[in-house]
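Enquirer: What follows is coords_38.txt, compact mmCIF, C-alpha atoms.
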# COMPACT_ATOMS: atom_id res chain seq x y z
CA MET A 1464 -33.33 -3.37 10.17
CA THR A 1465 -36.38 -1.68 8.59
CA GLU A 1466 -36.00 1.05 11.19
CA ILE A 1467 -32.48 1.85 10.01
CA LYS A 1468 -33.52 1.62 6.35
CA SER A 1469 -36.29 4.15 7.01
CA LEU A 1470 -33.71 6.61 8.37
CA ILE A 1471 -31.68 6.57 5.16
CA ARG A 1472 -32.95 9.41 3.02
CA THR A 1473 -32.86 9.42 -0.75
CA ILE A 1474 -31.72 12.61 -2.44
CA PRO A 1475 -32.34 12.75 -6.19
CA ASP A 1476 -29.77 14.12 -8.65
CA PHE A 1477 -26.82 14.14 -6.23
CA PRO A 1478 -23.93 14.44 -6.92
CA LYS A 1479 -25.21 14.61 -10.51
CA LYS A 1480 -28.44 14.35 -12.46
CA GLY A 1481 -30.02 10.89 -12.55
CA ILE A 1482 -28.34 9.55 -9.40
CA LEU A 1483 -30.44 8.67 -6.34
CA PHE A 1484 -28.05 9.38 -3.48
CA ARG A 1485 -28.61 7.30 -0.31
CA ASP A 1486 -27.77 9.64 2.55
CA ILE A 1487 -26.71 7.75 5.67
CA THR A 1488 -26.09 10.82 7.87
CA PRO A 1489 -29.51 10.52 9.66
CA VAL A 1490 -28.35 7.10 10.93
CA LEU A 1491 -25.24 8.69 12.44
CA LYS A 1492 -27.25 11.43 14.11
CA ASP A 1493 -29.43 8.83 15.89
CA PRO A 1494 -27.29 7.16 18.58
CA LYS A 1495 -29.59 4.10 18.88
CA ALA A 1496 -29.51 3.48 15.13
CA PHE A 1497 -25.75 4.02 14.97
CA LYS A 1498 -25.30 1.50 17.81
CA LYS A 1499 -27.49 -1.04 15.98
CA VAL A 1500 -25.29 -0.73 12.89
CA ILE A 1501 -22.05 -1.20 14.84
CA ASP A 1502 -23.55 -4.10 16.83
CA ALA A 1503 -24.62 -5.79 13.57
CA PHE A 1504 -21.14 -5.24 12.11
CA GLN A 1505 -19.59 -6.74 15.24
CA ARG A 1506 -21.88 -9.82 15.09
CA ASN A 1507 -20.85 -10.32 11.46
CA THR A 1508 -17.13 -9.99 12.15
CA PRO A 1509 -15.27 -13.33 12.33
CA THR A 1510 -13.15 -14.06 15.41
CA GLY A 1511 -9.40 -13.56 15.30
CA ILE A 1512 -9.44 -10.23 13.44
CA ASP A 1513 -6.24 -8.14 13.67
CA LYS A 1514 -7.18 -4.93 11.81
CA VAL A 1515 -10.17 -2.99 10.58
CA VAL A 1516 -9.46 -1.26 7.26
CA ALA A 1517 -11.88 1.50 6.26
CA ILE A 1518 -12.29 3.46 3.04
CA GLU A 1519 -12.21 7.29 2.97
CA SER A 1520 -14.20 9.04 4.17
CA ARG A 1521 -17.64 7.81 5.31
CA GLY A 1522 -16.12 4.36 5.81
CA PHE A 1523 -13.92 5.92 8.51
CA ILE A 1524 -17.01 6.67 10.63
CA PHE A 1525 -18.18 3.05 10.78
CA GLY A 1526 -14.72 1.46 10.72
CA SER A 1527 -13.46 3.51 13.63
CA ALA A 1528 -16.32 2.63 15.99
CA LEU A 1529 -16.05 -1.03 14.97
CA ALA A 1530 -12.26 -1.17 15.50
CA PHE A 1531 -12.64 0.52 18.87
CA ASN A 1532 -15.26 -1.99 19.97
CA LEU A 1533 -13.30 -4.99 18.72
CA GLY A 1534 -10.15 -3.63 20.39
CA VAL A 1535 -8.13 -3.94 17.18
CA GLY A 1536 -6.15 -1.46 15.09
CA PHE A 1537 -7.73 0.89 12.55
CA VAL A 1538 -6.14 1.42 9.12
CA PRO A 1539 -7.32 4.04 6.59
CA VAL A 1540 -7.43 3.53 2.82
CA ARG A 1541 -7.28 6.96 1.20
CA LYS A 1542 -7.41 8.65 -2.17
CA SER A 1543 -4.15 9.46 -3.89
CA GLY A 1544 -1.83 11.94 -2.19
CA LYS A 1545 -3.50 12.02 1.23
CA LEU A 1546 -1.34 9.55 3.20
CA PRO A 1547 2.00 11.07 4.19
CA GLY A 1548 4.11 7.91 4.59
CA LYS A 1549 5.34 5.34 2.06
CA THR A 1550 2.31 3.76 0.42
CA ILE A 1551 1.12 0.87 -1.71
CA LYS A 1552 -1.15 2.03 -4.55
CA VAL A 1553 -3.86 0.39 -6.65
CA LYS A 1554 -5.57 1.97 -9.65
CA TYR A 1555 -9.22 1.29 -10.35
CA ASP A 1556 -11.66 2.17 -13.12
CA LEU A 1557 -14.22 4.93 -12.88
CA GLU A 1558 -17.06 5.58 -15.30
CA TYR A 1559 -14.61 7.85 -17.15
CA GLY A 1560 -10.89 7.33 -16.49
CA THR A 1561 -9.20 5.86 -13.43
CA ASP A 1562 -8.52 6.75 -9.82
CA THR A 1563 -5.97 5.53 -7.26
CA LEU A 1564 -6.32 4.31 -3.68
CA GLU A 1565 -3.45 4.03 -1.21
CA ILE A 1566 -2.57 2.35 2.06
CA HIS A 1567 0.53 2.91 4.21
CA ASP A 1568 2.98 0.13 3.41
CA ASP A 1569 3.54 -0.60 7.13
CA ALA A 1570 -0.13 -0.52 8.16
CA ILE A 1571 -0.78 -4.26 7.78
CA GLU A 1572 1.48 -7.05 9.06
CA LYS A 1573 2.02 -10.18 6.96
CA GLY A 1574 -0.76 -12.64 7.85
CA ASP A 1575 -3.05 -10.05 9.50
CA ASN A 1576 -6.72 -11.01 9.39
CA VAL A 1577 -8.59 -7.98 8.13
CA VAL A 1578 -12.19 -6.72 8.03
CA LEU A 1579 -12.85 -4.12 5.33
CA VAL A 1580 -15.56 -1.53 6.08
CA ASP A 1581 -17.35 1.03 3.92
CA ASP A 1582 -20.70 2.76 4.12
CA LEU A 1583 -21.97 1.75 0.69
CA LEU A 1584 -21.40 -0.84 -2.04
CA ALA A 1585 -22.14 0.69 -5.44
CA THR A 1586 -20.10 -0.56 -8.43
CA GLY A 1587 -17.58 -2.32 -6.18
CA GLY A 1588 -14.55 -0.58 -7.69
CA THR A 1589 -13.20 0.95 -4.50
CA ALA A 1590 -13.96 -2.19 -2.47
CA LEU A 1591 -12.07 -4.43 -4.91
CA ALA A 1592 -9.13 -1.99 -5.05
CA SER A 1593 -9.07 -1.93 -1.22
CA CYS A 1594 -8.97 -5.75 -1.11
CA LYS A 1595 -5.99 -5.67 -3.46
CA LEU A 1596 -4.26 -3.12 -1.22
CA ILE A 1597 -4.80 -5.36 1.82
CA GLU A 1598 -3.50 -8.42 -0.04
CA LYS A 1599 -0.48 -6.57 -1.48
CA SER A 1600 0.28 -5.62 2.15
CA GLY A 1601 0.28 -9.30 3.16
CA GLY A 1602 -3.12 -9.22 4.85
CA ILE A 1603 -6.08 -11.60 4.44
CA VAL A 1604 -9.54 -10.16 3.76
CA LYS A 1605 -11.75 -12.19 6.09
CA LYS A 1606 -14.90 -10.12 5.70
CA ILE A 1607 -16.27 -7.02 3.96
CA LEU A 1608 -18.99 -5.02 5.75
CA PHE A 1609 -21.29 -2.42 4.18
CA LEU A 1610 -24.13 -0.47 5.71
CA VAL A 1611 -25.88 -0.19 2.32
CA GLU A 1612 -25.70 -2.25 -0.88
CA LEU A 1613 -27.21 -0.90 -4.10
CA ASP A 1614 -28.38 -4.17 -5.67
CA ASN A 1615 -29.08 -2.83 -9.16
CA LEU A 1616 -25.46 -1.74 -9.67
CA GLY A 1617 -24.26 -5.32 -9.23
CA GLY A 1618 -21.07 -4.35 -7.37
CA ILE A 1619 -21.22 -7.65 -5.48
CA LYS A 1620 -20.07 -9.45 -8.66
CA LYS A 1621 -16.71 -7.67 -8.48
CA ILE A 1622 -16.05 -8.90 -4.94
CA ASN A 1623 -17.79 -12.31 -4.90
CA ASN A 1624 -14.50 -14.03 -4.05
CA TYR A 1625 -14.92 -12.50 -0.60
CA ASP A 1626 -17.29 -12.96 2.32
CA VAL A 1627 -19.54 -9.88 2.13
CA PHE A 1628 -22.22 -8.65 4.53
CA SER A 1629 -24.51 -5.71 3.72
CA LEU A 1630 -26.92 -4.64 6.44
CA ILE A 1631 -29.38 -2.89 4.11
CA HIS A 1632 -30.25 -3.37 0.45
CA PHE A 1633 -31.78 -0.88 -1.96
CA MET B 1471 0.76 10.74 27.05
CA THR B 1472 4.45 10.55 26.10
CA GLU B 1473 3.73 7.05 24.78
CA ILE B 1474 1.14 8.38 22.34
CA LYS B 1475 3.36 11.31 21.37
CA SER B 1476 6.17 8.89 20.54
CA LEU B 1477 3.85 7.03 18.14
CA ILE B 1478 3.16 10.15 16.08
CA ARG B 1479 5.68 10.20 13.27
CA THR B 1480 6.98 13.35 11.65
CA ILE B 1481 7.22 13.35 7.88
CA PRO B 1482 9.17 16.28 6.40
CA ASP B 1483 8.02 18.14 3.29
CA PHE B 1484 4.46 16.76 3.22
CA PRO B 1485 2.16 17.80 1.63
CA LYS B 1486 4.67 20.43 0.44
CA LYS B 1487 8.25 21.50 1.02
CA GLY B 1488 8.98 23.01 4.42
CA ILE B 1489 6.03 21.43 6.24
CA LEU B 1490 6.65 18.90 9.02
CA PHE B 1491 3.58 16.66 8.79
CA ARG B 1492 2.51 14.98 12.05
CA ASP B 1493 1.20 11.56 11.02
CA ILE B 1494 -1.29 10.17 13.52
CA THR B 1495 -2.00 6.89 11.68
CA PRO B 1496 0.39 4.84 13.91
CA VAL B 1497 -1.84 5.78 16.88
CA LEU B 1498 -4.88 4.37 15.07
CA LYS B 1499 -3.09 1.14 14.23
CA ASP B 1500 -2.29 0.53 17.93
CA PRO B 1501 -5.56 -0.37 19.70
CA LYS B 1502 -4.20 0.46 23.18
CA ALA B 1503 -3.06 3.91 22.08
CA PHE B 1504 -6.31 4.56 20.21
CA LYS B 1505 -8.26 3.58 23.34
CA LYS B 1506 -6.16 5.94 25.47
CA VAL B 1507 -6.99 8.82 23.12
CA ILE B 1508 -10.73 8.12 23.16
CA ASP B 1509 -10.69 7.65 26.96
CA ALA B 1510 -8.90 11.00 27.37
CA PHE B 1511 -11.42 12.66 25.04
CA GLN B 1512 -14.26 11.16 27.06
CA ARG B 1513 -12.78 12.38 30.36
CA ASN B 1514 -12.52 15.88 28.90
CA THR B 1515 -16.08 15.93 27.56
CA PRO B 1516 -18.54 17.88 29.74
CA THR B 1517 -21.72 16.14 30.89
CA GLY B 1518 -24.98 16.75 29.06
CA ILE B 1519 -23.60 16.60 25.53
CA ASP B 1520 -26.14 15.99 22.73
CA LYS B 1521 -23.94 15.69 19.63
CA VAL B 1522 -20.36 15.09 18.56
CA VAL B 1523 -19.45 17.11 15.46
CA ALA B 1524 -16.30 16.01 13.62
CA ILE B 1525 -14.35 17.60 10.78
CA GLU B 1526 -13.61 15.71 7.56
CA SER B 1527 -11.87 13.37 7.30
CA ARG B 1528 -9.41 12.35 10.06
CA GLY B 1529 -11.68 14.02 12.59
CA PHE B 1530 -14.33 11.45 11.64
CA ILE B 1531 -12.14 8.66 13.03
CA PHE B 1532 -11.88 10.14 16.52
CA GLY B 1533 -15.33 11.74 16.57
CA SER B 1534 -17.09 8.52 15.63
CA ALA B 1535 -15.53 6.40 18.40
CA LEU B 1536 -16.19 9.20 20.91
CA ALA B 1537 -19.85 9.63 19.88
CA PHE B 1538 -20.35 5.87 20.04
CA ASN B 1539 -18.90 5.70 23.55
CA LEU B 1540 -20.86 8.69 24.79
CA GLY B 1541 -24.03 7.26 23.24
CA VAL B 1542 -24.79 10.51 21.40
CA GLY B 1543 -25.31 11.38 17.74
CA PHE B 1544 -22.47 11.98 15.29
CA VAL B 1545 -22.55 14.89 12.82
CA PRO B 1546 -20.02 15.39 10.00
CA VAL B 1547 -18.66 18.77 8.88
CA ARG B 1548 -17.51 18.38 5.29
CA LYS B 1549 -15.82 20.30 2.52
CA SER B 1550 -17.98 21.99 -0.07
CA GLY B 1551 -20.18 19.79 -2.25
CA LYS B 1552 -19.89 16.55 -0.26
CA LEU B 1553 -23.07 16.64 1.84
CA PRO B 1554 -26.16 15.73 -0.21
CA GLY B 1555 -28.88 17.47 1.82
CA LYS B 1556 -29.61 21.14 2.45
CA THR B 1557 -26.61 22.71 4.17
CA ILE B 1558 -25.37 25.71 6.08
CA LYS B 1559 -22.04 27.00 4.74
CA VAL B 1560 -19.16 28.99 6.19
CA LYS B 1561 -16.19 30.34 4.23
CA TYR B 1562 -12.77 30.49 5.82
CA ASP B 1563 -9.38 31.83 4.79
CA LEU B 1564 -6.55 29.66 3.53
CA GLU B 1565 -2.95 30.74 3.01
CA TYR B 1566 -4.01 31.61 -0.54
CA GLY B 1567 -7.73 32.13 -1.20
CA THR B 1568 -10.70 30.71 0.70
CA ASP B 1569 -12.44 27.39 1.27
CA THR B 1570 -15.94 26.44 2.43
CA LEU B 1571 -17.17 24.00 5.08
CA GLU B 1572 -20.73 22.70 5.32
CA ILE B 1573 -23.07 21.02 7.79
CA HIS B 1574 -26.55 19.60 7.11
CA ASP B 1575 -29.08 22.23 8.20
CA ASP B 1576 -31.08 19.61 10.17
CA ALA B 1577 -28.09 17.95 11.87
CA ILE B 1578 -28.16 20.05 15.04
CA GLU B 1579 -31.27 20.89 17.08
CA LYS B 1580 -31.63 24.35 18.60
CA GLY B 1581 -29.95 24.30 22.03
CA ASP B 1582 -27.92 21.12 21.39
CA ASN B 1583 -24.76 20.93 23.48
CA VAL B 1584 -21.96 20.01 21.10
CA VAL B 1585 -18.40 18.71 21.31
CA LEU B 1586 -16.28 19.47 18.25
CA VAL B 1587 -13.52 16.95 17.39
CA ASP B 1588 -10.59 17.04 15.00
CA ASP B 1589 -7.25 15.28 14.86
CA LEU B 1590 -5.07 18.40 14.71
CA LEU B 1591 -5.15 22.11 15.49
CA ALA B 1592 -2.92 24.01 13.06
CA THR B 1593 -3.96 27.57 12.08
CA GLY B 1594 -7.44 27.12 13.59
CA GLY B 1595 -9.28 28.14 10.42
CA THR B 1596 -11.35 24.96 10.00
CA ALA B 1597 -12.06 24.74 13.75
CA LEU B 1598 -13.36 28.32 13.90
CA ALA B 1599 -15.46 27.80 10.75
CA SER B 1600 -16.89 24.61 12.29
CA CYS B 1601 -17.82 26.48 15.50
CA LYS B 1602 -19.65 29.04 13.35
CA LEU B 1603 -21.51 26.22 11.55
CA ILE B 1604 -22.59 24.73 14.89
CA GLU B 1605 -23.74 28.13 16.18
CA LYS B 1606 -25.59 29.02 12.95
CA SER B 1607 -27.37 25.66 13.42
CA GLY B 1608 -28.50 26.71 16.90
CA GLY B 1609 -26.00 24.53 18.78
CA ILE B 1610 -23.68 25.48 21.63
CA VAL B 1611 -19.98 24.58 21.41
CA LYS B 1612 -19.25 23.21 24.88
CA LYS B 1613 -15.79 21.81 24.14
CA ILE B 1614 -13.28 21.38 21.32
CA LEU B 1615 -11.03 18.30 21.40
CA PHE B 1616 -7.84 17.78 19.41
CA LEU B 1617 -5.39 14.91 19.45
CA VAL B 1618 -2.51 17.21 18.42
CA GLU B 1619 -1.96 20.96 18.72
CA LEU B 1620 0.85 22.64 16.77
CA ASP B 1621 1.79 25.37 19.25
CA ASN B 1622 3.98 27.44 16.92
CA LEU B 1623 1.09 28.08 14.48
CA GLY B 1624 -0.91 29.80 17.22
CA GLY B 1625 -4.28 28.43 16.05
CA ILE B 1626 -5.51 28.51 19.65
CA LYS B 1627 -5.78 32.32 19.39
CA LYS B 1628 -8.53 31.97 16.77
CA ILE B 1629 -10.67 29.80 19.05
CA ASN B 1630 -9.82 31.14 22.51
CA ASN B 1631 -13.48 32.03 23.13
CA TYR B 1632 -14.03 28.27 23.46
CA ASP B 1633 -13.02 25.59 25.94
CA VAL B 1634 -10.26 23.68 24.10
CA PHE B 1635 -8.43 20.48 25.06
CA SER B 1636 -5.44 19.16 23.09
CA LEU B 1637 -4.00 15.85 24.20
CA ILE B 1638 -0.55 16.37 22.69
CA HIS B 1639 1.46 19.48 21.85
CA PHE B 1640 4.25 19.88 19.32
Could you take the file, read its structure, and then write that structure out as structure tokens?

Expert:
Amino acid sequence: MTEIKSLIRTIPDFPKKGILFRDITPVLKDPKAFKKVIDAFQRNTPTGIDKVVAIESRGFIFGSALAFNLGVGFVPVRKSGKLPGKTIKVKYDLEYGTDTLEIHDDAIEKGDNVVLVDDLLATGGTALASCKLIEKSGGIVKKILFLVELDNLGGIKKINNYDVFSLIHF
Amino acid sequence: MTEIKSLIRTIPDFPKKGILFRDITPVLKDPKAFKKVIDAFQRNTPTGIDKVVAIESRGFIFGSALAFNLGVGFVPVRKSGKLPGKTIKVKYDLEYGTDTLEIHDDAIEKGDNVVLVDDLLATGGTALASCKLIEKSGGIVKKILFLVELDNLGGIKKINNYDVFSLIHF
């Protein structure tokens, strides 16, 4: 996966000073690289999955192609106020203050086996909140898939009760 | 496509009073319906396409699966301040005030044949701004694909210089 890693470009001081932003858009632009990512996600998905849940908004890009290829339903987790139907909500901590993620309350059936997808594991806050949303909905988190994991932020510690696969580490 | 239309649920007064929101998430949750949408998009995509451009954030869901199936690159159009690299920007009018959409300035090659994808055509403001972004990047808008078109808002008039396909009309 060194080829895919080499496509990810690092942009300093985005979105604010001191942050090295890992930009995955060159992977999307390259159809062979994008296919390699989705193939790797598919190989790391357990059998018997009922739903792919993806986190707004870059997670949608990977989650959608994966769900389509697995032939299972796609469910979005979104920031507060974006989903129009009745939702389940979970608050999570930010560096300063809190934020809220939501899932439609009828998106997951009781006992559904779920794969959670996002582009990047940083502090793990949104991933853990998304797991809670899936579990509050009656689903079982069978796997969490990331394209990129930022090792130095230690987000994996927040979600080490789960089976996590990250294709690329920085 | 009456089956897909029947899956789209109408939620009154979202995001504000007086608006009938067409919620497409039940289509995503149903893998057969989702496949029918992507198959219809693929059938309505001209040959020789180089890139799929999709509009944040529900457009990402349909654009990603389409790009993957066509075996071409995926390019996101995002709201202001979300893309980390150097961007091209276009302002467009809202009901009150203006908003800005952006595309990475290296996402499209000169002469690229592009399909633009979004979930819903309402007033046409974001679709027209996205066409301008593609053209400023040197690309050619060969087709615009929507899952839903809201006929009474007349957004099609803003983009009638382009070849537009909407799977479902309300």

Enquirer: Between A:Ile1622, A:Ile1471, A:Leu1613, A:Ala1570, which is the closest to Pro1554 in chain B once you count all atoms listed in the file?

Expert: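 Counting all atoms listed in the file, the residue closest to Pro1554 in chain B is A:Ile1471.
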
Enquirer: What residues have an atom no more than 12 Å from (-2.9, 33.6, 4.8) in the file's own frame, counting only C-alpha atoms, and can you write them as a list in words?

Expert: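 Within the cut-off we find Tyr1562, Asp1563, Leu1564, Glu1565, Tyr1566, Gly1567, Thr1568, Asp1569, Thr1593, Gly1594, Gly1595 and Leu1623 of chain B.
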
Enquirer: Pull the closest atom pair for each residue of chain B that gets at most 10 Å from chain A, along with the distance in Å to one decimal, counting only C-alpha atoms, ordering rows by chain and then ascending residue number, as CSV.

Expert:
residue,atom,partner,partner_atom,distance
B:Arg1479,CA,A:Gly1548,CA,9.1
B:Thr1480,CA,A:Pro1547,CA,9.3
B:Ile1481,CA,A:Pro1547,CA,6.8
B:Pro1482,CA,A:Pro1547,CA,9.1
B:Asp1483,CA,A:Pro1547,CA,9.3
B:Phe1484,CA,A:Pro1547,CA,6.3
B:Pro1485,CA,A:Pro1547,CA,7.2
B:Phe1491,CA,A:Pro1547,CA,7.4
B:Arg1492,CA,A:Pro1547,CA,8.8
B:Asp1493,CA,A:Pro1547,CA,6.9
B:Ile1494,CA,A:Pro1547,CA,9.9
B:Thr1495,CA,A:Val1538,CA,7.3
B:Pro1496,CA,A:Ala1570,CA,7.9
B:Val1497,CA,A:Gly1536,CA,8.6
B:Leu1498,CA,A:Phe1537,CA,5.2
B:Lys1499,CA,A:Gly1536,CA,4.1
B:Asp1500,CA,A:Gly1536,CA,5.2
B:Pro1501,CA,A:Gly1536,CA,4.8
B:Lys1502,CA,A:Gly1534,CA,7.7
B:Ala1503,CA,A:Gly1536,CA,9.3
B:Phe1504,CA,A:Phe1531,CA,7.6
B:Lys1505,CA,A:Phe1531,CA,7.0
B:Ile1508,CA,A:Phe1531,CA,8.9
B:Asp1520,CA,A:Lys1492,CA,9.8
B:Lys1521,CA,A:Lys1492,CA,7.7
B:Val1522,CA,A:Lys1492,CA,9.0
B:Val1523,CA,A:Lys1492,CA,9.7
B:Ala1524,CA,A:Ile1524,CA,9.8
B:Glu1526,CA,A:Ser1520,CA,7.5
B:Ser1527,CA,A:Ser1520,CA,5.8
B:Arg1528,CA,A:Phe1523,CA,8.0
B:Gly1529,CA,A:Ile1524,CA,9.3
B:Phe1530,CA,A:Ile1524,CA,5.6
B:Ile1531,CA,A:Ser1527,CA,5.4
B:Phe1532,CA,A:Ser1527,CA,7.4
B:Gly1533,CA,A:Ile1524,CA,8.0
B:Ser1534,CA,A:Ile1524,CA,5.3
B:Ala1535,CA,A:Ala1528,CA,4.5
B:Leu1536,CA,A:Ala1528,CA,8.2
B:Ala1537,CA,A:Pro1494,CA,7.9
B:Phe1538,CA,A:Ala1528,CA,6.6
B:Asn1539,CA,A:Ala1528,CA,8.6
B:Leu1540,CA,A:Pro1494,CA,9.1
B:Gly1541,CA,A:Pro1494,CA,5.7
B:Val1542,CA,A:Pro1494,CA,5.0
B:Gly1543,CA,A:Lys1492,CA,4.1
B:Phe1544,CA,A:Lys1492,CA,5.0
B:Val1545,CA,A:Lys1492,CA,6.0
B:Pro1546,CA,A:Thr1488,CA,7.9
B:Arg1548,CA,A:Ser1520,CA,10.0
B:Gly1551,CA,A:Pro1478,CA,8.0
B:Lys1552,CA,A:Pro1478,CA,8.1
B:Leu1553,CA,A:Asp1486,CA,8.5
B:Pro1554,CA,A:Phe1477,CA,6.3
B:Gly1555,CA,A:Ile1474,CA,7.1
B:His1574,CA,A:Thr1488,CA,8.8
B:Asp1576,CA,A:Pro1489,CA,9.2
B:Ala1577,CA,A:Lys1492,CA,6.9
B:Ile1578,CA,A:Lys1492,CA,8.7

Enquirer: At a cut-off of 10 Å around the point (-0.4, -5.3, 0.5) (file coordinates), what residues fall inside when counting only C-alpha atoms? I'd like the answer as a PyMOL selection string.

Expert: chain A and resi 1550-1553+1565-1573+1593-1603

Enquirer: Those residues with C-alpha atoms, as an mmCIF file, keeping the file's coordinate frame please?

Expert:
data_model
loop_
_atom_site.group_PDB
_atom_site.id
_atom_site.type_symbol
_atom_site.label_atom_id
_atom_site.label_comp_id
_atom_site.auth_asym_id
_atom_site.auth_seq_id
_atom_site.Cartn_x
_atom_site.Cartn_y
_atom_site.Cartn_z
ATOM 1 C CA THR A 1550 2.310 3.760 0.420
ATOM 2 C CA ILE A 1551 1.120 0.870 -1.710
ATOM 3 C CA LYS A 1552 -1.150 2.030 -4.550
ATOM 4 C CA VAL A 1553 -3.860 0.390 -6.650
ATOM 5 C CA GLU A 1565 -3.450 4.030 -1.210
ATOM 6 C CA ILE A 1566 -2.570 2.350 2.060
ATOM 7 C CA HIS A 1567 0.530 2.910 4.210
ATOM 8 C CA ASP A 1568 2.980 0.130 3.410
ATOM 9 C CA ASP A 1569 3.540 -0.600 7.130
ATOM 10 C CA ALA A 1570 -0.130 -0.520 8.160
ATOM 11 C CA ILE A 1571 -0.780 -4.260 7.780
ATOM 12 C CA GLU A 1572 1.480 -7.050 9.060
ATOM 13 C CA LYS A 1573 2.020 -10.180 6.960
ATOM 14 C CA SER A 1593 -9.070 -1.930 -1.220
ATOM 15 C CA CYS A 1594 -8.970 -5.750 -1.110
ATOM 16 C CA LYS A 1595 -5.990 -5.670 -3.460
ATOM 17 C CA LEU A 1596 -4.260 -3.120 -1.220
ATOM 18 C CA ILE A 1597 -4.800 -5.360 1.820
ATOM 19 C CA GLU A 1598 -3.500 -8.420 -0.040
ATOM 20 C CA LYS A 1599 -0.480 -6.570 -1.480
ATOM 21 C CA SER A 1600 0.280 -5.620 2.150
ATOM 22 C CA GLY A 1601 0.280 -9.300 3.160
ATOM 23 C CA GLY A 1602 -3.120 -9.220 4.850
ATOM 24 C CA ILE A 1603 -6.080 -11.600 4.440
#

Enquirer: Between CA of Ile1519 in chain B and CA of Ser1636 in chain B, what distance in Å does the model show, to one decimal?

Expert: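 For CA of Ile1519 in chain B relative to CA of Ser1636 in chain B, the distance reads 18.5 Å.
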
Enquirer: So, with only C-alpha atoms as the atoms that count, which of A:Leu1483, A:Val1627, A:Val1577, A:Met1464 lies closest to Ile1607 in chain A?

Expert: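 Under the stated criterion, the closest residue is A:Val1627.
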
Enquirer: I'd like the interatomic distance between CA of Phe1640 in chain B and CA of Glu1473 in chain B, to a tenth of an Å.

Expert: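 So the two atoms, CA of Phe1640 in chain B and CA of Glu1473 in chain B, lie 14.0 Å apart.
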
Enquirer: Which residue, B:Lys1556, B:Lys1549, B:His1639, B:Lys1486, has the smallest gap to Thr1596 in chain B when you use all atoms listed in the file?

Expert: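 Selected residue with least distance to Thr1596 in chain B: B:Lys1549.
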
Enquirer: Rounded to one decimal in Å, what is the spacing between CA of Leu1591 in chain B and CA of Gly1518 in chain B?

Expert: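 Atom-to-atom, CA of Leu1591 in chain B to CA of Gly1518 in chain B, that is 24.6 Å.
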
Enquirer: Could you give me the centre and size, in Å to one decimal, of an axis-aligned box around all listed atoms of range 1473-1492 of chain B with 8 Å added on every side, as JSON?

Expert:
{"center_x": 5.2, "center_y": 15.0, "center_z": 12.6, "size_x": 24.0, "size_y": 32.0, "size_z": 40.3}
